[in-house]
>>> print(open('structure05.tsv').read())   # TSV, C-alpha atoms
chain	number	residue	atom	x	y	z
A	1	MET	CA	0.00	0.00	0.00
A	2	ARG	CA	1.31	3.45	-0.90
A	3	LYS	CA	2.14	5.77	1.96
A	4	GLU	CA	-0.19	8.51	0.73
A	5	ASP	CA	-3.07	5.98	0.59
A	6	PHE	CA	-2.38	4.78	4.11
A	7	ASP	CA	-2.16	8.39	5.33
A	8	LEU	CA	-5.43	9.30	3.65
A	9	ILE	CA	-7.34	6.50	5.36
A	10	SER	CA	-5.63	6.85	8.71
A	11	ASN	CA	-6.35	10.61	8.76
A	12	ILE	CA	-10.01	10.00	7.98
A	13	LEU	CA	-10.22	7.45	10.80
A	14	LYS	CA	-8.44	9.68	13.29
A	15	GLU	CA	-10.66	12.67	12.46
A	16	ARG	CA	-13.91	10.78	12.58
A	17	SER	CA	-13.40	8.32	15.41
A	18	GLY	CA	-10.11	9.04	17.17
A	19	LEU	CA	-8.82	5.67	16.01
A	20	VAL	CA	-5.08	5.63	15.45
A	21	LEU	CA	-4.11	3.25	12.71
A	22	THR	CA	-0.50	2.14	12.93
A	23	GLU	CA	1.33	0.74	9.93
A	24	GLU	CA	1.40	-2.80	11.27
A	25	LYS	CA	-2.39	-2.73	10.92
A	26	ILE	CA	-2.26	-2.43	7.13
A	27	TYR	CA	-3.48	-6.03	6.94
A	28	LEU	CA	-6.64	-4.93	8.76
A	29	LEU	CA	-7.24	-2.23	6.19
A	30	GLU	CA	-6.99	-4.81	3.47
A	31	SER	CA	-9.16	-7.44	5.10
A	32	ARG	CA	-11.89	-5.05	6.21
A	33	LEU	CA	-12.05	-2.63	3.31
A	34	THR	CA	-11.74	-5.03	0.38
A	35	PRO	CA	-15.31	-6.35	0.98
A	36	ILE	CA	-16.57	-2.75	0.85
A	37	ALA	CA	-14.75	-2.20	-2.45
A	38	ARG	CA	-16.40	-5.35	-3.89
A	39	LYS	CA	-19.81	-4.28	-2.66
A	40	LYS	CA	-19.38	-0.95	-4.44
A	41	GLY	CA	-18.51	-2.76	-7.67
A	42	LEU	CA	-14.85	-1.71	-7.47
A	43	GLU	CA	-12.15	-4.20	-8.25
A	44	THR	CA	-9.48	-3.46	-5.71
A	45	LEU	CA	-8.78	-1.63	-2.51
A	46	ASP	CA	-6.79	0.93	-4.55
A	47	ASP	CA	-9.94	1.72	-6.55
A	48	LEU	CA	-11.83	2.24	-3.31
A	49	ILE	CA	-9.15	4.57	-1.99
A	50	ASN	CA	-9.25	6.57	-5.25
A	51	GLU	CA	-13.01	6.84	-4.96
A	52	ILE	CA	-12.63	8.15	-1.41
A	53	ARG	CA	-9.94	10.60	-2.48
A	54	LEU	CA	-11.97	11.93	-5.43
A	55	ARG	CA	-15.44	12.19	-3.96
A	56	ARG	CA	-15.25	11.96	-0.15
A	57	LYS	CA	-18.82	10.79	-0.06
A	58	GLU	CA	-20.22	10.84	3.46
A	59	ASP	CA	-21.89	7.42	3.38
A	60	LEU	CA	-18.73	5.77	2.10
A	61	LEU	CA	-16.58	7.45	4.75
A	62	CYS	CA	-19.08	6.25	7.36
A	63	GLU	CA	-18.93	2.72	6.09
A	64	VAL	CA	-15.12	2.70	6.08
A	65	THR	CA	-14.99	4.08	9.64
A	66	ASP	CA	-17.54	1.48	10.76
A	67	ALA	CA	-15.59	-1.36	9.22
A	68	MET	CA	-12.34	-0.28	10.85
A	69	THR	CA	-13.71	0.49	14.32
A	70	THR	CA	-15.98	-2.50	14.79
A	71	ASN	CA	-14.49	-5.02	17.13
A	72	GLU	CA	-15.52	-8.39	18.34
A	73	SER	CA	-17.36	-8.49	21.59
A	74	PHE	CA	-18.69	-11.26	23.78
A	75	PHE	CA	-20.90	-11.77	26.79
A	76	PHE	CA	-19.28	-11.28	30.21
A	77	ARG	CA	-15.99	-10.50	28.49
A	78	ASP	CA	-13.07	-10.96	30.93
A	79	ASN	CA	-15.50	-11.90	33.76
A	80	THR	CA	-13.74	-9.80	36.44
A	81	PRO	CA	-15.42	-6.44	35.69
A	82	PHE	CA	-18.82	-8.13	35.81
A	83	ASP	CA	-18.03	-9.87	39.10
A	84	LEU	CA	-16.89	-6.52	40.50
A	85	PHE	CA	-20.02	-4.82	39.19
A	86	ARG	CA	-22.24	-7.43	40.87
A	87	GLU	CA	-20.39	-7.85	44.14
A	88	ASP	CA	-18.81	-4.47	44.72
A	89	VAL	CA	-20.29	-1.65	42.68
A	90	MET	CA	-23.98	-2.49	42.95
A	91	PRO	CA	-24.02	-3.07	46.75
A	92	SER	CA	-22.27	0.24	47.39
A	93	LEU	CA	-24.49	2.12	44.92
A	94	MET	CA	-27.55	0.67	46.61
A	95	GLU	CA	-26.33	2.32	49.80
A	96	SER	CA	-25.22	5.64	48.36
A	97	ALA	CA	-28.22	6.08	46.05
A	98	VAL	CA	-30.83	4.81	48.48
A	99	ALA	CA	-32.63	8.18	48.59
A	100	SER	CA	-33.20	8.49	44.85
A	101	LYS	CA	-33.22	4.76	44.05
A	102	LYS	CA	-31.86	5.67	40.64
A	103	ILE	CA	-28.75	4.28	38.99
A	104	ARG	CA	-27.47	5.23	35.54
A	105	ILE	CA	-24.95	3.09	33.68
A	106	TRP	CA	-23.16	3.97	30.45
A	107	CYS	CA	-21.49	1.46	28.16
A	108	ALA	CA	-19.42	3.83	26.06
A	109	ALA	CA	-18.31	1.34	23.42
A	110	ALA	CA	-21.31	-0.94	23.38
A	111	SER	CA	-20.56	-2.49	19.99
A	112	THR	CA	-23.02	-5.31	19.26
A	113	GLY	CA	-24.56	-5.09	22.73
A	114	GLN	CA	-23.03	-7.97	24.66
A	115	GLU	CA	-21.62	-5.76	27.41
A	116	PRO	CA	-24.80	-3.80	28.26
A	117	TYR	CA	-26.88	-6.98	27.97
A	118	SER	CA	-24.49	-8.80	30.32
A	119	LEU	CA	-25.08	-6.02	32.85
A	120	ALA	CA	-28.84	-6.21	32.28
A	121	ILE	CA	-28.72	-9.97	32.94
A	122	ILE	CA	-26.79	-9.41	36.19
A	123	LEU	CA	-29.38	-6.84	37.28
A	124	SER	CA	-32.21	-9.14	36.32
A	125	GLU	CA	-30.64	-11.93	38.40
A	126	MET	CA	-30.69	-9.61	41.43
A	127	GLU	CA	-34.10	-8.08	40.73
A	128	ALA	CA	-35.59	-9.13	44.06
A	129	LYS	CA	-33.22	-6.70	45.78
A	130	LEU	CA	-33.89	-3.97	43.24
A	131	ASN	CA	-37.60	-3.62	43.78
A	132	GLY	CA	-38.52	0.07	43.46
A	133	TRP	CA	-35.22	1.01	41.82
A	134	THR	CA	-34.92	2.64	38.41
A	135	ILE	CA	-31.84	1.51	36.57
A	136	GLU	CA	-30.96	2.93	33.21
A	137	ILE	CA	-28.37	1.32	30.96
A	138	ILE	CA	-27.28	3.34	27.95
A	139	GLY	CA	-25.18	1.70	25.27
A	140	THR	CA	-23.45	3.98	22.79
A	141	ASP	CA	-21.25	3.29	19.82
A	142	LEU	CA	-19.96	5.20	16.86
A	143	SER	CA	-21.39	2.72	14.41
A	144	GLN	CA	-25.11	2.68	13.66
A	145	LYS	CA	-24.65	-0.71	12.03
A	146	VAL	CA	-23.46	-2.45	15.18
A	147	LEU	CA	-26.14	-0.68	17.20
A	148	ASP	CA	-28.84	-2.03	14.88
A	149	LYS	CA	-27.57	-5.51	15.62
A	150	ALA	CA	-27.37	-4.69	19.33
A	151	LYS	CA	-30.99	-3.52	19.36
A	152	SER	CA	-32.19	-6.67	17.64
A	153	GLY	CA	-30.54	-8.76	20.36
A	154	ILE	CA	-29.99	-11.54	17.83
A	155	TYR	CA	-26.75	-13.50	18.04
A	156	SER	CA	-25.22	-16.46	16.28
A	157	GLN	CA	-24.58	-19.80	17.95
A	158	PHE	CA	-20.90	-18.87	18.11
A	159	GLU	CA	-21.61	-15.56	19.80
A	160	VAL	CA	-23.88	-16.99	22.49
A	161	GLN	CA	-21.26	-19.57	23.39
A	162	ARG	CA	-18.50	-17.08	24.07
A	163	GLY	CA	-18.75	-16.10	27.70
A	164	LEU	CA	-22.41	-16.88	28.30
A	165	PRO	CA	-23.09	-19.73	30.76
A	166	ILE	CA	-25.59	-22.24	29.38
A	167	LYS	CA	-28.05	-21.64	32.23
A	168	LEU	CA	-28.25	-17.96	31.34
A	169	LEU	CA	-28.73	-18.85	27.68
A	170	MET	CA	-31.64	-21.09	28.68
A	171	LYS	CA	-33.15	-18.44	30.89
A	172	TYR	CA	-32.78	-15.33	28.76
A	173	PHE	CA	-32.72	-16.41	25.11
A	174	THR	CA	-35.07	-17.96	22.65
A	175	GLN	CA	-33.98	-19.87	19.62
A	176	ALA	CA	-34.86	-18.49	16.20
A	177	GLY	CA	-33.62	-20.93	13.60
A	178	GLU	CA	-29.83	-20.87	13.68
A	179	MET	CA	-29.83	-17.71	15.76
A	180	TRP	CA	-30.60	-16.86	19.36
A	181	GLN	CA	-32.50	-13.78	20.50
A	182	ILE	CA	-32.18	-12.22	23.93
A	183	SER	CA	-35.51	-11.81	25.71
A	184	GLU	CA	-37.59	-8.69	25.34
A	185	LYS	CA	-37.33	-8.10	29.07
A	186	ILE	CA	-33.52	-7.76	28.83
A	187	ARG	CA	-33.68	-5.77	25.59
A	188	LYS	CA	-36.00	-3.26	27.24
A	189	MET	CA	-33.47	-2.63	29.99
A	190	VAL	CA	-30.94	-1.13	27.55
A	191	THR	CA	-31.22	2.00	25.40
A	192	PHE	CA	-28.86	2.20	22.46
A	193	ARG	CA	-27.87	5.40	20.74
A	194	PRO	CA	-25.13	6.36	18.31
A	195	TYR	CA	-22.46	8.51	19.91
A	196	ASN	CA	-18.93	9.51	19.05
A	197	LEU	CA	-16.46	9.54	21.92
A	198	LEU	CA	-14.92	12.65	20.39
A	199	ASP	CA	-18.22	14.56	20.86
A	200	ASN	CA	-19.44	16.50	23.88
A	201	PHE	CA	-20.83	14.12	26.52
A	202	THR	CA	-23.04	16.68	28.30
A	203	PRO	CA	-26.28	15.65	26.52
A	204	LEU	CA	-25.89	12.13	27.91
A	205	GLY	CA	-26.33	13.33	31.49
A	206	SER	CA	-24.53	12.00	34.54
A	207	PHE	CA	-23.73	8.40	35.39
A	208	ASP	CA	-22.94	6.20	38.37
A	209	VAL	CA	-21.02	3.63	36.36
A	210	ILE	CA	-19.18	3.97	33.07
A	211	PHE	CA	-17.86	1.00	31.13
A	212	CYS	CA	-15.33	2.14	28.56
A	213	ARG	CA	-13.43	-1.01	27.81
A	214	ASN	CA	-11.06	-1.83	24.99
A	215	VAL	CA	-11.59	1.35	23.05
A	216	LEU	CA	-9.03	3.80	24.48
A	217	ILE	CA	-6.25	1.48	23.31
A	218	TYR	CA	-6.97	2.63	19.77
A	219	PHE	CA	-6.52	6.33	20.62
A	220	GLN	CA	-3.49	8.57	20.91
A	221	GLN	CA	-2.41	9.66	24.38
A	222	ASP	CA	-3.96	13.14	24.16
A	223	THR	CA	-7.28	11.72	22.91
A	224	LYS	CA	-7.31	9.14	25.71
A	225	ALA	CA	-6.68	11.84	28.31
A	226	ASP	CA	-9.37	14.05	26.81
A	227	VAL	CA	-11.99	11.28	26.77
A	228	LEU	CA	-11.21	10.35	30.39
A	229	ASN	CA	-11.32	13.96	31.58
A	230	ARG	CA	-14.64	14.52	29.87
A	231	MET	CA	-16.02	11.28	31.31
A	232	HIS	CA	-15.06	12.55	34.73
A	233	ARG	CA	-17.46	15.46	34.20
A	234	GLN	CA	-20.30	13.01	33.53
A	235	ILE	CA	-19.67	10.70	36.45
A	236	ASN	CA	-21.07	11.18	39.96
A	237	THR	CA	-18.54	11.62	42.75
A	238	LYS	CA	-19.10	8.07	44.00
A	239	GLY	CA	-19.07	6.73	40.48
A	240	THR	CA	-17.02	3.90	39.07
A	241	LEU	CA	-15.23	3.65	35.76
A	242	PHE	CA	-14.25	0.35	34.16
A	243	LEU	CA	-11.49	0.19	31.57
A	244	GLY	CA	-10.19	-2.79	29.62
A	245	ALA	CA	-7.56	-5.08	31.12
A	246	ALA	CA	-4.84	-3.57	28.90
A	247	GLU	CA	-5.83	0.01	29.65
A	248	THR	CA	-5.08	2.43	32.49
A	249	VAL	CA	-5.59	6.03	33.63
A	250	LEU	CA	-2.01	6.27	34.84
A	251	GLY	CA	-0.06	8.95	33.03
A	252	LEU	CA	-3.27	10.20	31.37
A	253	THR	CA	-5.38	11.84	34.04
A	254	GLU	CA	-5.39	12.52	37.78
A	255	LYS	CA	-9.17	12.60	37.84
A	256	PHE	CA	-9.60	8.84	38.23
A	257	LYS	CA	-7.66	6.55	40.56
A	258	PRO	CA	-7.28	2.78	40.31
A	259	VAL	CA	-9.09	0.88	43.04
A	260	GLN	CA	-6.52	-1.22	44.91
A	261	GLY	CA	-6.71	-4.92	44.16
A	262	LYS	CA	-9.58	-4.51	41.68
A	263	ARG	CA	-8.23	-4.71	38.20
A	264	GLY	CA	-9.79	-2.42	35.61
A	265	MET	CA	-11.84	-0.54	38.21
A	266	TYR	CA	-11.37	3.20	38.87
A	267	HIS	CA	-12.96	5.66	41.28
A	268	THR	CA	-13.08	9.41	40.88
A	269	ALA	CA	-10.11	11.10	42.56
A	270	GLU	CA	-12.54	12.80	44.97
A	271	TYR	CA	-14.14	9.52	46.06
A	272	SER	CA	-10.81	7.75	46.15
A	273	SER	CA	-9.39	10.27	48.66
A	274	GLN	CA	-12.54	10.04	50.81
A	275	VAL	CA	-12.28	6.26	50.92
A	276	ARG	CA	-8.62	6.49	51.84
A	277	LYS	CA	-9.31	8.91	54.71
A	278	VAL	CA	-12.04	6.70	56.12
A	279	GLY	CA	-10.06	3.52	55.58
B	1	MET	CA	-2.54	-31.56	35.85
B	2	LYS	CA	-6.31	-31.91	35.44
B	3	SER	CA	-7.64	-34.88	33.52
B	4	CYS	CA	-10.23	-34.78	30.77
B	5	LEU	CA	-12.09	-37.69	29.23
B	6	ILE	CA	-13.11	-36.94	25.66
B	7	VAL	CA	-16.10	-39.03	24.59
B	8	ASP	CA	-16.99	-38.93	20.90
B	9	ASP	CA	-17.45	-41.55	18.21
B	10	SER	CA	-15.75	-39.29	15.68
B	11	LYS	CA	-12.00	-39.71	15.54
B	12	VAL	CA	-11.64	-36.26	13.98
B	13	ILE	CA	-13.55	-34.54	16.78
B	14	ARG	CA	-11.53	-36.41	19.42
B	15	LYS	CA	-8.34	-35.30	17.74
B	16	VAL	CA	-9.38	-31.64	17.48
B	17	ALA	CA	-10.63	-31.56	21.09
B	18	ARG	CA	-7.48	-33.33	22.30
B	19	ARG	CA	-5.26	-30.76	20.63
B	20	ILE	CA	-7.14	-27.82	22.15
B	21	LEU	CA	-7.30	-29.37	25.63
B	22	GLU	CA	-3.68	-30.49	25.65
B	23	GLU	CA	-2.72	-26.91	24.90
B	24	LEU	CA	-4.79	-25.94	27.92
B	25	SER	CA	-2.70	-28.42	29.96
B	26	PHE	CA	-5.21	-31.23	30.38
B	27	ASP	CA	-4.21	-34.84	30.62
B	28	ILE	CA	-6.39	-36.57	28.01
B	29	ARG	CA	-8.12	-39.93	27.85
B	30	GLU	CA	-10.50	-40.88	25.05
B	31	ALA	CA	-13.58	-43.06	24.72
B	32	VAL	CA	-15.61	-43.83	21.59
B	33	ASP	CA	-19.01	-44.30	23.23
B	34	GLY	CA	-20.84	-44.01	26.54
B	35	LYS	CA	-20.10	-47.57	27.59
B	36	GLU	CA	-16.36	-47.22	27.10
B	37	ALA	CA	-16.52	-43.85	28.89
B	38	LEU	CA	-18.29	-45.41	31.86
B	39	ASP	CA	-15.66	-48.16	32.09
B	40	SER	CA	-12.95	-45.52	31.96
B	41	CYS	CA	-14.67	-43.58	34.76
B	42	HIS	CA	-14.94	-46.70	36.92
B	43	GLU	CA	-11.22	-47.19	36.51
B	44	MET	CA	-10.42	-43.58	37.38
B	45	LEU	CA	-12.69	-40.56	37.63
B	46	PRO	CA	-11.55	-37.66	35.43
B	47	ASP	CA	-11.88	-34.03	36.50
B	48	VAL	CA	-13.98	-33.28	33.45
B	49	VAL	CA	-15.82	-35.16	30.71
B	50	LEU	CA	-16.31	-33.61	27.27
B	51	LEU	CA	-19.31	-35.53	26.04
B	52	ASP	CA	-20.91	-36.11	22.65
B	53	TRP	CA	-24.62	-36.99	22.54
B	54	ASN	CA	-25.21	-39.31	19.59
B	55	MET	CA	-23.00	-42.37	19.80
B	56	PRO	CA	-23.52	-46.10	19.23
B	57	VAL	CA	-23.80	-48.60	22.12
B	58	MET	CA	-24.54	-45.98	24.78
B	59	ASN	CA	-25.34	-42.34	24.06
B	60	GLY	CA	-24.13	-39.33	25.98
B	61	LEU	CA	-27.28	-38.75	27.99
B	62	GLU	CA	-27.44	-42.40	29.09
B	63	PHE	CA	-23.78	-42.22	30.09
B	64	LEU	CA	-24.38	-39.04	32.09
B	65	LYS	CA	-27.31	-40.55	33.99
B	66	ALA	CA	-25.29	-43.70	34.76
B	67	LEU	CA	-22.27	-41.66	35.83
B	68	ARG	CA	-24.25	-39.41	38.15
B	69	ALA	CA	-25.90	-42.46	39.73
B	70	SER	CA	-22.58	-44.19	40.43
B	71	ALA	CA	-20.30	-43.78	43.44
B	72	GLY	CA	-18.32	-40.51	43.22
B	73	GLY	CA	-20.01	-39.85	39.89
B	74	ASP	CA	-21.27	-36.47	41.04
B	75	LYS	CA	-17.72	-35.13	41.07
B	76	PRO	CA	-16.60	-34.86	37.45
B	77	VAL	CA	-17.65	-31.74	35.61
B	78	VAL	CA	-19.59	-32.78	32.53
B	79	VAL	CA	-19.60	-30.58	29.44
B	80	PHE	CA	-21.80	-31.73	26.59
B	81	CYS	CA	-20.40	-31.12	23.13
B	82	THR	CA	-22.92	-31.99	20.46
B	83	THR	CA	-24.65	-30.99	17.25
B	84	GLU	CA	-27.96	-31.19	19.13
B	85	ASN	CA	-28.57	-27.48	19.47
B	86	ASP	CA	-32.21	-27.06	20.44
B	87	MET	CA	-33.54	-25.95	23.78
B	88	SER	CA	-35.21	-29.28	24.58
B	89	HIS	CA	-31.92	-31.18	24.29
B	90	ILE	CA	-30.10	-28.53	26.30
B	91	SER	CA	-32.73	-28.69	29.04
B	92	ALA	CA	-32.65	-32.48	29.13
B	93	ALA	CA	-28.85	-32.44	29.49
B	94	ILE	CA	-28.83	-29.86	32.27
B	95	SER	CA	-31.63	-31.66	34.16
B	96	ALA	CA	-29.63	-34.88	33.95
B	97	GLY	CA	-26.70	-33.15	35.63
B	98	ALA	CA	-24.57	-31.64	32.86
B	99	ASP	CA	-22.63	-28.57	33.98
B	100	GLU	CA	-22.17	-26.90	30.62
B	101	TYR	CA	-23.22	-27.38	27.04
B	102	ILE	CA	-21.31	-26.72	23.83
B	103	MET	CA	-23.12	-26.68	20.50
B	104	LYS	CA	-20.97	-27.92	17.63
B	105	PRO	CA	-19.18	-26.64	15.70
B	106	PHE	CA	-16.85	-25.41	18.41
B	107	ASP	CA	-13.50	-23.70	18.42
B	108	ARG	CA	-10.75	-23.15	20.95
B	109	GLU	CA	-12.35	-19.96	22.27
B	110	ILE	CA	-15.64	-21.66	23.02
B	111	ILE	CA	-13.94	-24.56	24.83
B	112	GLU	CA	-11.83	-22.10	26.80
B	113	SER	CA	-14.80	-19.92	27.64
B	114	LYS	CA	-16.98	-22.83	28.78
B	115	PHE	CA	-14.20	-24.53	30.76
B	116	SER	CA	-13.36	-21.33	32.58
B	117	GLN	CA	-17.03	-20.76	33.45
B	118	VAL	CA	-17.16	-24.07	35.27
B	119	GLY	CA	-13.93	-23.27	37.09
B	120	LEU	CA	-11.59	-25.61	35.22
B	121	LEU	CA	-9.27	-22.88	33.95
>>> encode(input="structure05.tsv", output="structure tokens")
Amino acid sequence: MRKEDFDLISNILKERSGLVLTEEKIYLLESRLTPIARKKGLETLDDLINEIRLRRKEDLLCEVTDAMTTNESFFFRDNTPFDLFREDVMPSLMESAVASKKIRIWCAAASTGQEPYSLAIILSEMEAKLNGWTIEIIGTDLSQKVLDKAKSGIYSQFEVQRGLPIKLLMKYFTQAGEMWQISEKIRKMVTFRPYNLLDNFTPLGSFDVIFCRNVLIYFQQDTKADVLNRMHRQINTKGTLFLGAAETVLGLTEKFKPVQGKRGMYHTAEYSSQVRKVG
Amino acid sequence: MKSCLIVDDSKVIRKVARRILEELSFDIREAVDGKEALDSCHEMLPDVVLLDWNMPVMNGLEFLKALRASAGGDKPVVVFCTTENDMSHISAAISAGADEYIMKPFDREIIESKFSQVGLL
């Protein structure tokens, strides 16, 4: 691939999504964009790049960004954050939010919906304790295409076997031919909306828990810091942030602090210093 | 090292499953049907059984019921691994005492995911 072609695409991606494409990811460009070229009746990836260069059509740029930023997701991915959510975050929120009985959760890179639905399943499993509580789960993603799939709640046999215990499959899914659909009850617990992490978060309101896993890794340092600082403005003082196992706030922001012994879990700096004083 | 008994009448499936599970550090034994699997269990109980459903002589569900009814037979973790992928089969397997259920075709990730859910990894 020619350097000017690579630069063209990587600049488009950076501008539109924050994604930093490094040169060792050229293979990803080829494997993900060639199908788009074919679909458009173009013979090669080079033809597609020329088309982009000449016309810069919005729908094509969208499709390219979608293809490059869509990543595989699975239910209860990495387990630990979900265990912490169930055993740590929810019990303490149920104390701190007892007056309002309202909890708001944001999955900031919801992709095809497995993460917010995993949280909805956890909440459904503890529903006896949550009588009278209003819990909102908002799943956002840059790509409308993945959100459409998320909303449908329909997954392949492969997808429902990655991370989802069989007993939860039996309880919360119905079979539709070769596919499995998550129950309406769980679907209704999650609201999906398209959102770019580079945009202003204020319209989303404030949250008690933010899941932002495995997306910052694709950003440059200054973008990571900016996203985290803006998330801090949307999170309540006693809020919790979850990042992916390979991600951290260290060296990026002072506004969140890692929670000792709880991998991937971060408290606001304000809450963290309160906890330390009490502890 | 944990032991796994792979029960499947297909040589190819046994080979694929063996390769994945050996990479996950399991000590492997194989059986070609439920009867052979039961004999193997009477000799020595494995930590986990990866179990096909449709096999000659004795099928997977019959094996599971016989295993669970035998002395110490409640201990091994049993993971079904079958092309039977409808809810009624899944329910029947879980009611008979299966711990997990894999619908074929499977890959390494699915085996890993299911085995870690039942605490084997």
>>> atom_distance(input="structure05.tsv", atom1="CA of Val12 (chain B)", atom2="CA of Ala98 (chain B)")
23.3 Å
>>> residues_around(input="structure05.tsv", residues="Ile49 (chain A)", least_positions_apart="6", cutoff="12 Å", atoms="only C-alpha atoms", output="JSON, numbers by chain")
{"A": [1, 2, 4, 5, 6, 7, 8, 9, 10, 12, 29, 30, 33, 34, 36, 37, 40, 42, 43, 55, 56, 57, 60, 61, 64]}
>>> write_last_selection(input="structure05.tsv", atoms="C-alpha atoms", output="mmCIF file, keeping the file's coordinate frame")
data_model
loop_
_atom_site.group_PDB
_atom_site.id
_atom_site.type_symbol
_atom_site.label_atom_id
_atom_site.label_comp_id
_atom_site.auth_asym_id
_atom_site.auth_seq_id
_atom_site.Cartn_x
_atom_site.Cartn_y
_atom_site.Cartn_z
ATOM 1 C CA MET A 1 0.000 0.000 0.000
ATOM 2 C CA ARG A 2 1.310 3.450 -0.900
ATOM 3 C CA GLU A 4 -0.190 8.510 0.730
ATOM 4 C CA ASP A 5 -3.070 5.980 0.590
ATOM 5 C CA PHE A 6 -2.380 4.780 4.110
ATOM 6 C CA ASP A 7 -2.160 8.390 5.330
ATOM 7 C CA LEU A 8 -5.430 9.300 3.650
ATOM 8 C CA ILE A 9 -7.340 6.500 5.360
ATOM 9 C CA SER A 10 -5.630 6.850 8.710
ATOM 10 C CA ILE A 12 -10.010 10.000 7.980
ATOM 11 C CA LEU A 29 -7.240 -2.230 6.190
ATOM 12 C CA GLU A 30 -6.990 -4.810 3.470
ATOM 13 C CA LEU A 33 -12.050 -2.630 3.310
ATOM 14 C CA THR A 34 -11.740 -5.030 0.380
ATOM 15 C CA ILE A 36 -16.570 -2.750 0.850
ATOM 16 C CA ALA A 37 -14.750 -2.200 -2.450
ATOM 17 C CA LYS A 40 -19.380 -0.950 -4.440
ATOM 18 C CA LEU A 42 -14.850 -1.710 -7.470
ATOM 19 C CA GLU A 43 -12.150 -4.200 -8.250
ATOM 20 C CA ARG A 55 -15.440 12.190 -3.960
ATOM 21 C CA ARG A 56 -15.250 11.960 -0.150
ATOM 22 C CA LYS A 57 -18.820 10.790 -0.060
ATOM 23 C CA LEU A 60 -18.730 5.770 2.100
ATOM 24 C CA LEU A 61 -16.580 7.450 4.750
ATOM 25 C CA VAL A 64 -15.120 2.700 6.080
#
>>> closest_residue(input="structure05.tsv", among="B:Val49, B:Ile6, B:Cys81, B:Ile28", to="chain A", atoms="all atoms listed in the file")
B:Cys81
>>> closest_atom_pairs(input="structure05.tsv", of="chain B", to="chain A", cutoff="8 Å", atoms="only C-alpha atoms", output="tab-separated table")
residue	atom	partner	partner_atom	distance
B:Asp86	CA	A:Gln175	CA	7.4
B:Met87	CA	A:Met170	CA	7.2
B:Ile90	CA	A:Met170	CA	8.0
B:Ser91	CA	A:Met170	CA	7.7
B:Glu100	CA	A:Ile166	CA	5.9
B:Tyr101	CA	A:Ile166	CA	6.1
B:Ile102	CA	A:Gln161	CA	7.2
B:Met103	CA	A:Gln157	CA	7.5
B:Phe106	CA	A:Phe158	CA	7.7
B:Glu109	CA	A:Arg162	CA	7.0
B:Ile110	CA	A:Arg162	CA	5.5
B:Ser113	CA	A:Gly163	CA	5.5
B:Lys114	CA	A:Gly163	CA	7.0
B:Gln117	CA	A:Pro165	CA	6.7
>>> atom_distance(input="structure05.tsv", atom1="CA of Asp88 (chain A)", atom2="CA of Met265 (chain A)")
10.3 Å
>>> closest_residue(input="structure05.tsv", among="A:Ala150, A:Leu21, A:Ala99, A:Leu228", to="Thr191 (chain A)", atoms="all atoms listed in the file")
A:Ala150
>>> residues_near_point(input="structure05.tsv", point="(-5.0, 9.4, 17.8)", cutoff="8 Å", atoms="only C-alpha atoms", output="PyMOL selection string")
chain A and resi 14+18-20+218-223
>>> atom_distance(input="structure05.tsv", atom1="CA of Asn131 (chain A)", atom2="CA of Val209 (chain A)")
19.6 Å
>>> closest_residue(input="structure05.tsv", among="B:Leu61, B:Ala66, B:Met1, B:Val48", to="Val118 (chain B)", atoms="all atoms listed in the file")
B:Val48
>>> closest_residue(input="structure05.tsv", among="B:Asn54, B:Ser10, B:Ser3, B:Asn59", to="Lys35 (chain B)", atoms="only C-alpha atoms")
B:Asn59
>>> residues_near_point(input="structure05.tsv", point="(-14.9, 3.2, 25.1)", cutoff="12 Å", atoms="only C-alpha atoms", output="ChimeraX atom specification")
/A:17-19,69-71,106-111,115,139-142,195-198,210-219,223-224,227-228,231,241-244,247
>>> closest_residue(input="structure05.tsv", among="B:Gly73, B:Ala96, B:Arg18, B:Leu24", to="Glu43 (chain B)", atoms="all atoms listed in the file")
B:Gly73
>>> closest_residue(input="structure05.tsv", among="B:Glu62, B:Val32, B:Pro105, B:Asp74", to="Ala93 (chain B)", atoms="all atoms listed in the file")
B:Glu62
>>> residues_around(input="structure05.tsv", residues="Phe63 (chain B)", least_positions_apart="4", cutoff="8 Å", atoms="only C-alpha atoms", output="number ranges by chain")
B: 34-35, 37-38, 58-59, 67
>>> decode(input="structure05.tsv", residues="region 57-61 of chain B", atoms="N, CA, C and O atoms", output="mmCIF file, in the first residue's frame")
data_model
loop_
_atom_site.group_PDB
_atom_site.id
_atom_site.type_symbol
_atom_site.label_atom_id
_atom_site.label_comp_id
_atom_site.auth_asym_id
_atom_site.auth_seq_id
_atom_site.Cartn_x
_atom_site.Cartn_y
_atom_site.Cartn_z
ATOM 1 N N VAL B 57 -23.910 -47.829 20.865
ATOM 2 C CA VAL B 57 -23.799 -48.595 22.120
ATOM 3 C C VAL B 57 -24.477 -47.870 23.302
ATOM 4 O O VAL B 57 -25.465 -48.328 23.840
ATOM 5 N N MET B 58 -23.914 -46.759 23.701
ATOM 6 C CA MET B 58 -24.543 -45.980 24.785
ATOM 7 C C MET B 58 -24.356 -44.502 24.470
ATOM 8 O O MET B 58 -23.230 -44.061 24.233
ATOM 9 N N ASN B 59 -25.484 -43.754 24.430
ATOM 10 C CA ASN B 59 -25.341 -42.341 24.064
ATOM 11 C C ASN B 59 -24.920 -41.480 25.257
ATOM 12 O O ASN B 59 -24.828 -41.960 26.387
ATOM 13 N N GLY B 60 -24.669 -40.226 24.977
ATOM 14 C CA GLY B 60 -24.130 -39.328 25.984
ATOM 15 C C GLY B 60 -25.042 -39.130 27.181
ATOM 16 O O GLY B 60 -24.592 -39.091 28.326
ATOM 17 N N LEU B 61 -26.346 -38.989 26.900
ATOM 18 C CA LEU B 61 -27.281 -38.750 27.994
ATOM 19 C C LEU B 61 -27.379 -39.977 28.905
ATOM 20 O O LEU B 61 -27.395 -39.845 30.137
#
